[in-house]
Each structure stands twice: as C-alpha cells, then as structure tokens.
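**Q** The structure that follows is given in the form of structure tokens.
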Amino acid sequence: MKKVLMALVLAIWAVFLLTPKPALTAPEEIRIGLNATMSGAGAQWGIAFDRANRGRIEEINKEGGLMVGGKRYTIKYFRYDNKADPPTSLENAKTLINVDKVNFIFHHASANILPYLPITSEKKIISMDLSVGSKTLGWPYNFNLLPAGTGRAEQAFKSFVKKFGIKKVAEINPDNESGQVTKAEDGMAAKQQGVEILTSLFYTPGTTDFYPILTKSLIAKPEMLVLGVPSPRDVALIVKQARELGWSGPIGGAQCVAPPAVTFAQIAGKAAEGFMWSAPYSTDSNFWTKEEAAWATYWKEHWTDPFIADSFGGCRQIGFLAEAIKKADSLDPDKIVRVLETSNFVILGWKMRFGVTPDCYQGRPRSLVSPLCLKTIKDGKEMVTELILPTGVEKVH
Amino acid sequence: MGLLYAQILVNALVLSLTYILIALGLTLVLSVMDILNFAHGAIYMLGAYIFYTFLMKMDFPYFVSAILAIVVTGFLGVVLEKYVLRRLGTAHLEVLVLTFGLGMVLESLITVIFSGQPLPVTGLFSGVITVFGVTLSLERLSIILVSIVLVGALFFFVTWTKEGRAMRAVTQNRVAAQLQGIDPHRISALCFFIACALAAASGVLTAPIFGIEPTMGLTPLLKGFCAMILGGLGNITGCVMGGFILGFVVSFGSTLIDPTMADMIAFALVLLILIFRPRGIIGHVQK
Amino acid sequence: MDMSRSSFRQWTWFLGLLAILLLMPAMVSGIGILNIINMMYLMIIAAMGLNLILRTGHANFAHAAFLAIGAYASAFLSLRAGLAFWLCLPMAGLTGALIAWGLGRIILKVKGAYFFLITVAFSEVVRRSLAYFSDVTGGHQGIERIPKPSINIPDLATVRFGSEMSFYYLLLATMLVSLVIMYRLQRGHWGLTWRASREADMVAESVGVDVLRYKITAFVTGCFFAAISGSLYAHYVSFINPDTFGQPMMMGLLFAVVVGGRDYFYGPIIGIILLRGCSAAVARMAEYQPMVYGVILILAILFFPAGFASLPSRFSVMWQRILHFRRPSEVAGS
C-alpha cells in the first residue's frame, strides 16, 4: 500500500516536472497558435496551412512586426499537431490558451475544432477557420475563410448545366465531416438547378481503389460524375479509374480542388482532360495575382515537395488577421471582430469581405465572400473558363 | 447484367489479392514467431517509399528500384527482428505495443522526411485491356499476375524447400525443431525477411497505381489482420481464403448495396464468422 | 506494537495524498495543466476497466467503442430526454453494461487473436454506424452543446459544473469511487476467480468454476466503467463525434495499461499519468511528437516489459541485496 502511494505521488510530480512551463508574456508580443492536422488523415492541409502561416509571420517579424496603437509587436507563433483526433485537438487548444496564452488561433476541420469553440468563444479568442463544416459557423469569434459551400455548389451546378445540359448525376464524397456536409449542400444546389442526384455515395478516407464505388455509381447511367469534396489526390485517382472503367461522360468537382496540372497528369494521364472544378484561389502556375505567385515562389524555395494550393488558405488566415489588427489599431477582440465583419480587405491581391449581407454566395455571418474560378484541364494544362466575382470582390491589379 | 457481375468479380479479385499479400506476411510472422506484428503496415509503407526514393529521386531504372526496395526492406526487417523483437520473446500484448510504437515512429519519420503529402509514383504500364466487355487496367493486371506468382512462390517455398520445411517445423514445435538441429533464431530472421520483403513487394506493386503517403499502411494492416484471422491462423490457404472472402464481400457489397455499408457488412461478417467458427474458416488449434 | 506504527504511517501517507489531491487546482493554477489532469482522471477510470478485463485473459479492443456508447447514450438522454446529468451518468453506464453483457455472452468463448479481431470488428461496426445514421447521431459532425452537469436545489442555489476546477472535483470523486469499487472487487472473491480464469481455464473449470460466467462479469464491469468514462467525457467536453473514440483513444488506453503494468492494480494509473504526461510534454514538437512518443513507448516496453508498476518491488529487492550483501532466497521479481 505504501508503495502505491509513493509511486502515485512520484508519478504526479513527474507530470509537473515534465509539462511545459508557463510562458511569461512579453509586453510587445502577439501570440498566435496553430492547431492543425500535420500527420495522419488530411495531413496535407495542416502542413500547407502551417507553412503558409510560418512563412508569412516570419516575413512580418522581419519587417519589424505589427504596428498597433503606436507600438511595434512581434508575432510569436505556436504550432501543434492534432493528428486528426478530436481529444488531442482539444488538449492542444487548451494548452494554447492556458499555457501559451495565445490571443488568436488558426485551425481547420470542424470535427477537431467543435470541442473547443465554446471555450474560445467565451474567452473571446478570435479564430480563423478553414473547415468545410456548417456547425462551426454557429460560434462567434470564429471566422471561416472558405467560400460558403452552398454558394460554391450553386455555382458548380449552374456551370455544369450550362456546359453539359445535364439532368442526372452521380455524386461521390469521402466519408468524413466535410463529405457529409457537402452531400447536403450539393443536394440543395442540384435541386435548385433542376438536376437529380441519382446516387450519392461515400468512400472511406484512405481508400485508393475506387473501382467498387465507381462501378456502383455508373450502374444507374448518370449523365455526369460529380465529385463533392474528395482530396486532390483522390480526385486524380477517381478520374483516372473512372476513365479506365470506360466512363466517357463529363466529370466535375462541386467543391473539391484538382491537384496541380503536372501532378494530375502524372497520376491520371490523359484521363484528366476536360475535368471541371471551381477553386477559391489559383491552383497552378498561371496565378491570378502577383502576390499569389510570390507565395508559390517562396514555397518552391523552401520545400521540395509539390506546392499545395490550399496553402493560400493559410496565407489568408494570417493575412486577414494582420490586416484586421492594423485596421482596428487595437488588440481588443471585439474591436477586431467589428472590423472583420464590416470592412473590405485586400489579401493576396483580391479585395474581399466577410458575408454579413445576403449576396450571390448566400452570405452568412463570419463567412468569407471570395472569388471563385471555374477551371478545366485542356491539353494537359489548367485553363480558366470563368471567373465569378460576387459584388464587391475584385482584383486589385 | 452479366457484364456488371463480371466487372464486380474482377474488382473483387484485385482487392482480395492486395489484402492477401499483406496477410501472408502477417501469417508467416504469427506462425513462426508467434507475434502479432503491428508494424507490418508501416513496413509496407516503408517499402513503397524506398522504391519511390530510388525511382523518382535517384532515377534508377524501374526493376532495379523495385528489387532494391524489396531487398533493403527485408534486411531492415532482419535488423529489427534481431535487435528489437528478439528481446521480448512472444509476450503477445507487449509485442503488440512495441510493434505499434515502431509503426508510429516509422510513419512519423517518413512524414518528417517526405512531408505528409501524397506523392505520385510513375508506373511502367498505362492503358487498359478489355476482355469480354470487362475492363482491366494493365497495372491491375500486373497486380493480379505478380500476386499469384508471389503466393505460389511462397507456397512452394514453405512446402518443398528445406528452409521452408524447417519453418514449418518451428511453427509446430519450437523445441522439437531445435532437437532436430534447426536454429530457431535463424529461422525467425529468415521468416521476418520474407515477411518484410513481401510487404515491400506489395508496396512496390501498388505505389505506381495509387501513389504513396505516410498513412497508406493503416487500412491494409487492418484488412490484412481480418483476412488472416478470418481464414484461420497459421496457414497460407486459410489466409488466401480469408482474403478472397473479404475482397468479395467488399466488392459485391459496395456495388450492389452501398460502399459505406459494405465496409460495415464486412466487419459484421467477420464478427459472425468468428462467433460461429471461433477458429476461422480453416483454423488450427490456438496455441 | 508494529501494527499500529505501520498503520499510523499508512494513514499519514494516505491523508497527505488526499490533501495534495484536494488542493491540486490551487497548486497548479498558474501552470495551466488542470485540464490535462482532468483527462487523466477520466482515462484512469476507463483504463482500470480495461485492465480488469485484461486480467481475465482477454484484450478488449472494443473498449473505446464502449466509451462511445456511454457518451452517446448520455448525450441522447440529456439532450433529447432532458434528464439531469446525475441520472444520465449511471444510465449510460448501465447501457454499456447491458450491451457488454449481450456481446460478452457470445464472444467471450473465443480467445487470443480471434478475440482481438472480434472486438476490433465490433468497434468498427459501432463507429461506422454512428457515422452512417447521421440523422439520429449527427454523423461525423457529431453532437454539440451537450449540457454540463448542474445541481439544482430549488429556491436555494444552482451549482453548475462549468469550469475546469469544478470538473476537477467531479472527476476526482468519480475516479476515487470507481477505484474503490474496483479495488474491493479485485481483492475479493471475484478478483481471485478472474485471475485464475486467465492463468488456467481448464484447471479452474476442473474445480467447478463456471469460467465463462466470471469472464462475462469482468467484461460487463470493465465496459460499465468505460461507458461511465464516456458519459463523463460527453459532459466535460460537450461535443462528441465518432472519431473522438477512434484508434488513438483505444491504443492510448492499451498502452497505458501495458506500460503501467497490467499485473498490478494501480498499473493503469501509473501508465496513464506517465504516458499522458509525456505526450503533453512533447506536444510542442508538432510533427516530431509521434516519433518521440513512439520511441518512449518502445524503450518503456523493451526495458520494463512488466510495466513501471513493477519498479518498486524490483527496486526494493535490489535495495535488499545491497543492504544485506546476500542473495534473497526467492527469485527476484513478481
């Protein structure tokens, strides 16, 4: 019995000695925490966002930091990997809040952030969110930087109908929270455009052999194959395998992004021809704005693996926050929120705002109204077919 | 309609063979060394990444990269077995934790070195052939052919070669085998080499078709365990049967019912089969 | 007499520990690790349940699934039926126990790797069902805004358990009660039979013990505590989804039991504290963290296969040798 107690006491003290010590907040410091998935399922998004934030924050600090209320603040950046596990994500968030004492949080993937959104809302910690989920929009102080899914789906189906005159489609989605949300949103958008979704199937994330799900999708003889929100790599595999199975009809993405044309060609070869999708930012070498091109160059200089266009999302996270702090000229969360909700911002060469008023993207509070670009693959290269700019969004040369 | 079923059948064949290759390595290690090797999926992934490094980063020719990947992974496995696994003997749960930890370390190492992104691997074949209206890509045909050859080779090795017979002896009774002059340590090392090489071969086969990523070993590991245990532990035939059952259930279930349901049905089926036949389809007596 | 002196010392240790436990929130208030300690208490209940089942010779890979069952049951009861937490908690536990009883009767006849796969298959079916029937369960986006526990004394006061500190005491109390219950069980007639049924089914049966019945009871008890943990989690975090109770949680529990020492009653406690402490300590390393955690795990298993809980006895044997310069008559270790 004595040994029990001794061991227990020693063990508890071991915990104290091992855990990170509280950080003393330096007076002129803004603390930002990243809680992203950098290993496991969906790692490529977390890695992309992390690198973008790290890179941009380094640049900001090199230039002397942010000027707020006459004082210069350096940004201190904390990064945690939540491994796509909600309890780990929750613990990371609490550590960020209690130990690292961050003022702002960047994150993604609704299932990983819903555990702690109540806490950040209560403590007025503003978070920049890149998740495809609807429940996260219910919490104040959380701003979503992806174009509203409903709006994006609407544009996608509009263009499918315009280009292919289709009435019946088969949809494929990954079996995760983005997939389930996308299925609902695509369903509404399709109905609006008079399109019937014959089958809407899910595959387990991590699947690489799509023959079974494709075989089933093609049974009912759809006119078009619509991919809801599979990851870029899955998009390439699905397209390739669909063509192998003999599908010659159109394939398009409702809310997903294709990989860069080079990677697409590497994986899918000729099958990639004609694939249509929409993107909230450039995904290949013909960047829309010089700021986007500059970021891609930075990536190529620092990392050897292929450029992930989703990293623009990370640029947006730090971009919007830094701009909002500057405009509010204060670190008071409520002031910053006011600025975010009402001002226009120029990020990566685009003028954008958060949709508080109804717009063509079905504006929702704290959800970004972003440019949307429809693209296709032609002759192995990415080609822009249409640029959709909601009212008030424009390119700043 | 018949065409559809033929297509489902071919899909099932490919799925099954990918499970079987993994399950074979697991069965071998379990039979000879009495270990549940949770690092097997990571070794499969490692083989694919070594192949990727030789082929894409160092521009070695295709077959050279493949052979190198298989051999290097095999030897890494031997090192692992000798210096790490041997220390624990056959304490099941402890080995499970150990190999799982190994898998974590390997996956993390690869993520750090190569990044967590999926990476494409250029393959040798492209294009499809159509036989009686059923399409089969040449790549998948290569999976089918090579897998069958590998399974056959393993079967031949275990049944008819001296080393293979020594392995079976160790499986049946370690002490008696020692009395016959067989060195169980050497046999364990050989067995682990073959298992890791098989996993690497599997990785090399699938890498050009599906690409590689650090988590690619997780699902095959789970499906491999299912196939192995479903068929009954301790024999190759059971393994193959288990793999086919799983592959067929997933393929037919996905196409005729629903892909998500199909996965659930597969696991429910595993549950049912093990409840009614607790030793698997062709199981031996549990040690 | 020696008895009273040693029992006096035992009492001092015990009261000292109790004091530390009660004052913990104050002691760590500046460091901000109270939430880590809270999760430890929660997981200790689950891990102890897992060890209970493990000691009968079955590695229950469905344990995390039972946490899920308890959590969802508790969420439904409190959100849809409007029951108070204090009712939801035992109800959730009983739901888990009931399902465990139904399941256990069928699967506990199976052993070893087969049992492992059956429980894995069951856990997969549970998790995928929770994700599939999204109209009922909220699917992958899960259930949020699960109410926090509160004590409502009409006309007097309402105590709401909202903060980390309030949850600390709630979790501490629940953990201590669970530990006491399990300790009494393990020490008594049940525990003896459970241990016996692991070592030698056939021998136990030959002396007239219905081994299966005892295994079922162990399984039901262990899963009961898992469901209790799940319910606590649901109300502590107020958000649950199928991925919450996935492989990381299951393996975390298993590792804690094995690394802590599964032959000891308090092994899982040590395991949880050490492993979660390590994981928290290296969390800053982001992408290197799984590597470091994995290496620590490997080293722990390689050098302490019997678990850390075996250290005190090993240490005291070594100490004896040093003190007395002679080998003890019995072989070291236990």
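Lettering and numbering for the structure tokens are positional, with chains as A, B, ... in the shown order, residues counted from 1 in each chain, and ligands counted from 1 in the shown order.
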Check which residues of stretch 59-150 of chain B sit at most 10 Å from stretch 305-311 of chain C using only C-alpha atoms, and return one row each with the closest pair of atoms and their distance in Å to one decimal, ordered by chain and rising number, as a tab-separated table.

**A**
residue	atom	partner	partner_atom	distance
B:Arg87	CA	C:Pro305	CA	9.9
B:Leu88	CA	C:Pro305	CA	7.7
B:Ala91	CA	C:Pro305	CA	8.9
B:Leu93	CA	C:Pro305	CA	9.9
B:Glu94	CA	C:Pro305	CA	6.7
B:Val95	CA	C:Pro305	CA	9.3
B:Leu98	CA	C:Pro305	CA	9.8

**Q** Counting only C-alpha atoms, which residues from chain C have an atom at most 7 Å from any atom of chain A, and could you show them as a PyMOL selection string?

**A** chain C and resi 10+13+31-32+140-141+237-239+243-244+270+273-274+277+280-281+283-284+286-287+312

**Q** Residues of chain A were defined as contacting chain B if any atom lay at most 8 Å from it, counting only C-alpha atoms; please report them as a PDB file with C-alpha atoms, in the first residue's frame.

**A**
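That gives us selection_3.pdb:
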ATOM      1  CA  MET A  38       0.026  17.624 -39.664  1.00  0.00           C
ATOM      2  CA  SER A  39       0.115  13.835 -39.587  1.00  0.00           C
ATOM      3  CA  GLY A  40      -2.410  11.177 -40.339  1.00  0.00           C
ATOM      4  CA  ALA A  41      -5.511  11.690 -42.441  1.00  0.00           C
ATOM      5  CA  ALA A  43      -2.094  15.965 -43.171  1.00  0.00           C
ATOM      6  CA  GLN A  44      -1.557  17.847 -46.379  1.00  0.00           C
ATOM      7  CA  ILE A  47       1.099  21.126 -43.445  1.00  0.00           C
ATOM      8  CA  ASP A 175     -16.919   9.580 -45.550  1.00  0.00           C
ATOM      9  CA  LEU A 201     -22.023   7.574 -52.291  1.00  0.00           C
ATOM     10  CA  PHE A 202     -19.299   7.738 -49.647  1.00  0.00           C
ATOM     11  CA  TYR A 203     -15.922   6.065 -49.611  1.00  0.00           C
ATOM     12  CA  THR A 204     -13.788   5.504 -46.523  1.00  0.00           C
ATOM     13  CA  GLY A 206      -7.727   6.281 -47.221  1.00  0.00           C
ATOM     14  CA  THR A 207      -9.330   4.183 -49.942  1.00  0.00           C
ATOM     15  CA  THR A 208      -7.249   4.135 -53.074  1.00  0.00           C
ATOM     16  CA  ASP A 209      -9.189   1.596 -55.100  1.00  0.00           C
ATOM     17  CA  TYR A 211     -13.456   0.655 -58.759  1.00  0.00           C
ATOM     18  CA  PRO A 212     -16.228  -0.660 -56.470  1.00  0.00           C
ATOM     19  CA  ILE A 213     -17.733   2.749 -55.762  1.00  0.00           C
ATOM     20  CA  THR A 215     -18.941   0.619 -60.641  1.00  0.00           C
ATOM     21  CA  LYS A 216     -21.934   1.269 -58.437  1.00  0.00           C
ATOM     22  CA  ARG A 233      -5.107  13.135 -54.774  1.00  0.00           C
ATOM     23  CA  LEU A 237      -7.345   8.709 -58.744  1.00  0.00           C
ATOM     24  CA  GLU A 244     -10.324   3.096 -67.057  1.00  0.00           C
ATOM     25  CA  LEU A 245     -13.735   1.670 -66.332  1.00  0.00           C
ATOM     26  CA  GLY A 246     -14.950   3.091 -69.604  1.00  0.00           C
ATOM     27  CA  THR A 263       0.637  16.051 -60.687  1.00  0.00           C
ATOM     28  CA  GLN A 266       1.375  12.196 -63.546  1.00  0.00           C
ATOM     29  CA  ILE A 267      -1.377  10.290 -61.826  1.00  0.00           C
ATOM     30  CA  ASP A 305       7.563  18.589 -52.154  1.00  0.00           C
TER      31      ASP A 305
END

**Q** Counting only C-alpha atoms, what is within 6 Å of B:Ile20, bar same-chain residues fewer than 3 positions away, as a PyMOL selection string?

**A** chain B and resi 17+23-24+240+243

**Q** Against chain C, which residues of chain B fall within 10 Å? For each one I want the closest pair of atoms and the distance in Å (one decimal), counting only C-alpha atoms, rows by chain and increasing residue number, as JSON lines.

**A**
{"residue": "B:Leu30", "atom": "CA", "partner": "C:Ala113", "partner_atom": "CA", "distance": 10.0}
{"residue": "B:Leu36", "atom": "CA", "partner": "C:Ala113", "partner_atom": "CA", "distance": 8.2}
{"residue": "B:Val84", "atom": "CA", "partner": "C:Leu302", "partner_atom": "CA", "distance": 7.8}
{"residue": "B:Leu85", "atom": "CA", "partner": "C:Leu302", "partner_atom": "CA", "distance": 8.9}
{"residue": "B:Arg87", "atom": "CA", "partner": "C:Leu302", "partner_atom": "CA", "distance": 7.2}
{"residue": "B:Leu88", "atom": "CA", "partner": "C:Leu302", "partner_atom": "CA", "distance": 7.0}
{"residue": "B:Ala91", "atom": "CA", "partner": "C:Pro305", "partner_atom": "CA", "distance": 8.9}
{"residue": "B:His92", "atom": "CA", "partner": "C:Gly112", "partner_atom": "CA", "distance": 9.0}
{"residue": "B:Leu93", "atom": "CA", "partner": "C:Val258", "partner_atom": "CA", "distance": 7.5}
{"residue": "B:Glu94", "atom": "CA", "partner": "C:Ile301", "partner_atom": "CA", "distance": 6.7}
{"residue": "B:Val95", "atom": "CA", "partner": "C:Ile301", "partner_atom": "CA", "distance": 8.3}
{"residue": "B:Leu96", "atom": "CA", "partner": "C:Phe255", "partner_atom": "CA", "distance": 9.5}
{"residue": "B:Val97", "atom": "CA", "partner": "C:Phe255", "partner_atom": "CA", "distance": 6.4}
{"residue": "B:Leu98", "atom": "CA", "partner": "C:Ile298", "partner_atom": "CA", "distance": 5.3}
{"residue": "B:Thr99", "atom": "CA", "partner": "C:Ile298", "partner_atom": "CA", "distance": 8.1}
{"residue": "B:Phe100", "atom": "CA", "partner": "C:Gly294", "partner_atom": "CA", "distance": 8.1}
{"residue": "B:Gly101", "atom": "CA", "partner": "C:Gly294", "partner_atom": "CA", "distance": 4.5}
{"residue": "B:Leu102", "atom": "CA", "partner": "C:Gly294", "partner_atom": "CA", "distance": 6.5}
{"residue": "B:Gly103", "atom": "CA", "partner": "C:Gly294", "partner_atom": "CA", "distance": 8.1}
{"residue": "B:Met104", "atom": "CA", "partner": "C:Gly294", "partner_atom": "CA", "distance": 5.7}
{"residue": "B:Val105", "atom": "CA", "partner": "C:Met291", "partner_atom": "CA", "distance": 4.4}
{"residue": "B:Leu106", "atom": "CA", "partner": "C:Met291", "partner_atom": "CA", "distance": 7.6}
{"residue": "B:Glu107", "atom": "CA", "partner": "C:Met291", "partner_atom": "CA", "distance": 8.1}
{"residue": "B:Ser108", "atom": "CA", "partner": "C:Met291", "partner_atom": "CA", "distance": 5.4}
{"residue": "B:Leu109", "atom": "CA", "partner": "C:Met291", "partner_atom": "CA", "distance": 6.7}
{"residue": "B:Thr111", "atom": "CA", "partner": "C:Glu287", "partner_atom": "CA", "distance": 7.8}
{"residue": "B:Val112", "atom": "CA", "partner": "C:Glu287", "partner_atom": "CA", "distance": 6.8}
{"residue": "B:Ser115", "atom": "CA", "partner": "C:Glu287", "partner_atom": "CA", "distance": 9.6}
{"residue": "B:Gly116", "atom": "CA", "partner": "C:Glu287", "partner_atom": "CA", "distance": 9.6}
{"residue": "B:Leu222", "atom": "CA", "partner": "C:Val120", "partner_atom": "CA", "distance": 9.1}
{"residue": "B:Phe225", "atom": "CA", "partner": "C:Leu117", "partner_atom": "CA", "distance": 7.6}
{"residue": "B:Cys226", "atom": "CA", "partner": "C:Leu117", "partner_atom": "CA", "distance": 6.8}
{"residue": "B:Met228", "atom": "CA", "partner": "C:Leu117", "partner_atom": "CA", "distance": 9.9}
{"residue": "B:Ile229", "atom": "CA", "partner": "C:Tyr114", "partner_atom": "CA", "distance": 6.5}
{"residue": "B:Leu230", "atom": "CA", "partner": "C:Tyr114", "partner_atom": "CA", "distance": 8.4}
{"residue": "B:Gly232", "atom": "CA", "partner": "C:Tyr114", "partner_atom": "CA", "distance": 8.8}
{"residue": "B:Leu233", "atom": "CA", "partner": "C:Ala113", "partner_atom": "CA", "distance": 8.6}
{"residue": "B:Thr260", "atom": "CA", "partner": "C:Tyr132", "partner_atom": "CA", "distance": 7.7}
{"residue": "B:Met261", "atom": "CA", "partner": "C:Tyr132", "partner_atom": "CA", "distance": 8.3}
{"residue": "B:Asp263", "atom": "CA", "partner": "C:Arg128", "partner_atom": "CA", "distance": 8.6}
{"residue": "B:Met264", "atom": "CA", "partner": "C:Val125", "partner_atom": "CA", "distance": 5.6}
{"residue": "B:Ile265", "atom": "CA", "partner": "C:Val125", "partner_atom": "CA", "distance": 8.2}
{"residue": "B:Ala266", "atom": "CA", "partner": "C:Ala121", "partner_atom": "CA", "distance": 8.7}
{"residue": "B:Phe267", "atom": "CA", "partner": "C:Ala121", "partner_atom": "CA", "distance": 5.0}
{"residue": "B:Ala268", "atom": "CA", "partner": "C:Val125", "partner_atom": "CA", "distance": 6.6}
{"residue": "B:Leu269", "atom": "CA", "partner": "C:Ala121", "partner_atom": "CA", "distance": 8.8}
{"residue": "B:Val270", "atom": "CA", "partner": "C:Ala121", "partner_atom": "CA", "distance": 6.7}
{"residue": "B:Leu271", "atom": "CA", "partner": "C:Ile118", "partner_atom": "CA", "distance": 5.3}
{"residue": "B:Leu272", "atom": "CA", "partner": "C:Ile118", "partner_atom": "CA", "distance": 8.7}
{"residue": "B:Ile273", "atom": "CA", "partner": "C:Ile118", "partner_atom": "CA", "distance": 9.4}
{"residue": "B:Leu274", "atom": "CA", "partner": "C:Ile118", "partner_atom": "CA", "distance": 6.8}
{"residue": "B:Ile275", "atom": "CA", "partner": "C:Ile107", "partner_atom": "CA", "distance": 6.3}
{"residue": "B:Phe276", "atom": "CA", "partner": "C:Ile106", "partner_atom": "CA", "distance": 9.3}
{"residue": "B:Arg277", "atom": "CA", "partner": "C:Val110", "partner_atom": "CA", "distance": 9.5}
{"residue": "B:Pro278", "atom": "CA", "partner": "C:Val110", "partner_atom": "CA", "distance": 6.0}
{"residue": "B:Arg279", "atom": "CA", "partner": "C:Tyr114", "partner_atom": "CA", "distance": 7.3}
{"residue": "B:Gly280", "atom": "CA", "partner": "C:Tyr114", "partner_atom": "CA", "distance": 8.0}
{"residue": "B:Gln286", "atom": "CA", "partner": "C:Gly112", "partner_atom": "CA", "distance": 7.8}
{"residue": "B:Lys287", "atom": "CA", "partner": "C:Gly112", "partner_atom": "CA", "distance": 8.9}

**Q** Identify which of the residues C:Ala100, C:Ala47, C:Leu23, C:Ile228 lies closest to C:Tyr266, counting only C-alpha atoms when measuring atom-to-atom distances.

**A**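 With only C-alpha atoms as the atom set, the closest residue is C:Ala47.
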
**Q** Give me the residues within 10 Å of A:Lys71 as a VMD selection string, counting only C-alpha atoms and dropping any in the same chain fewer than 5 places off.

**A** chain A and resid 28 65 to 66 329

**Q** Do a neighbour search on A:Asp334 at 8 Å with only C-alpha atoms, toss out local chain neighbours closer than 3 positions, and write the hits as a ChimeraX atom specification.

**A** /A:124,337-338

**Q** To one decimal place, how far is atom CA of A:Glu323 from atom CA of A:Gly46 in Å?

**A**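 Here the two named atoms are 22.5 Å from each other.
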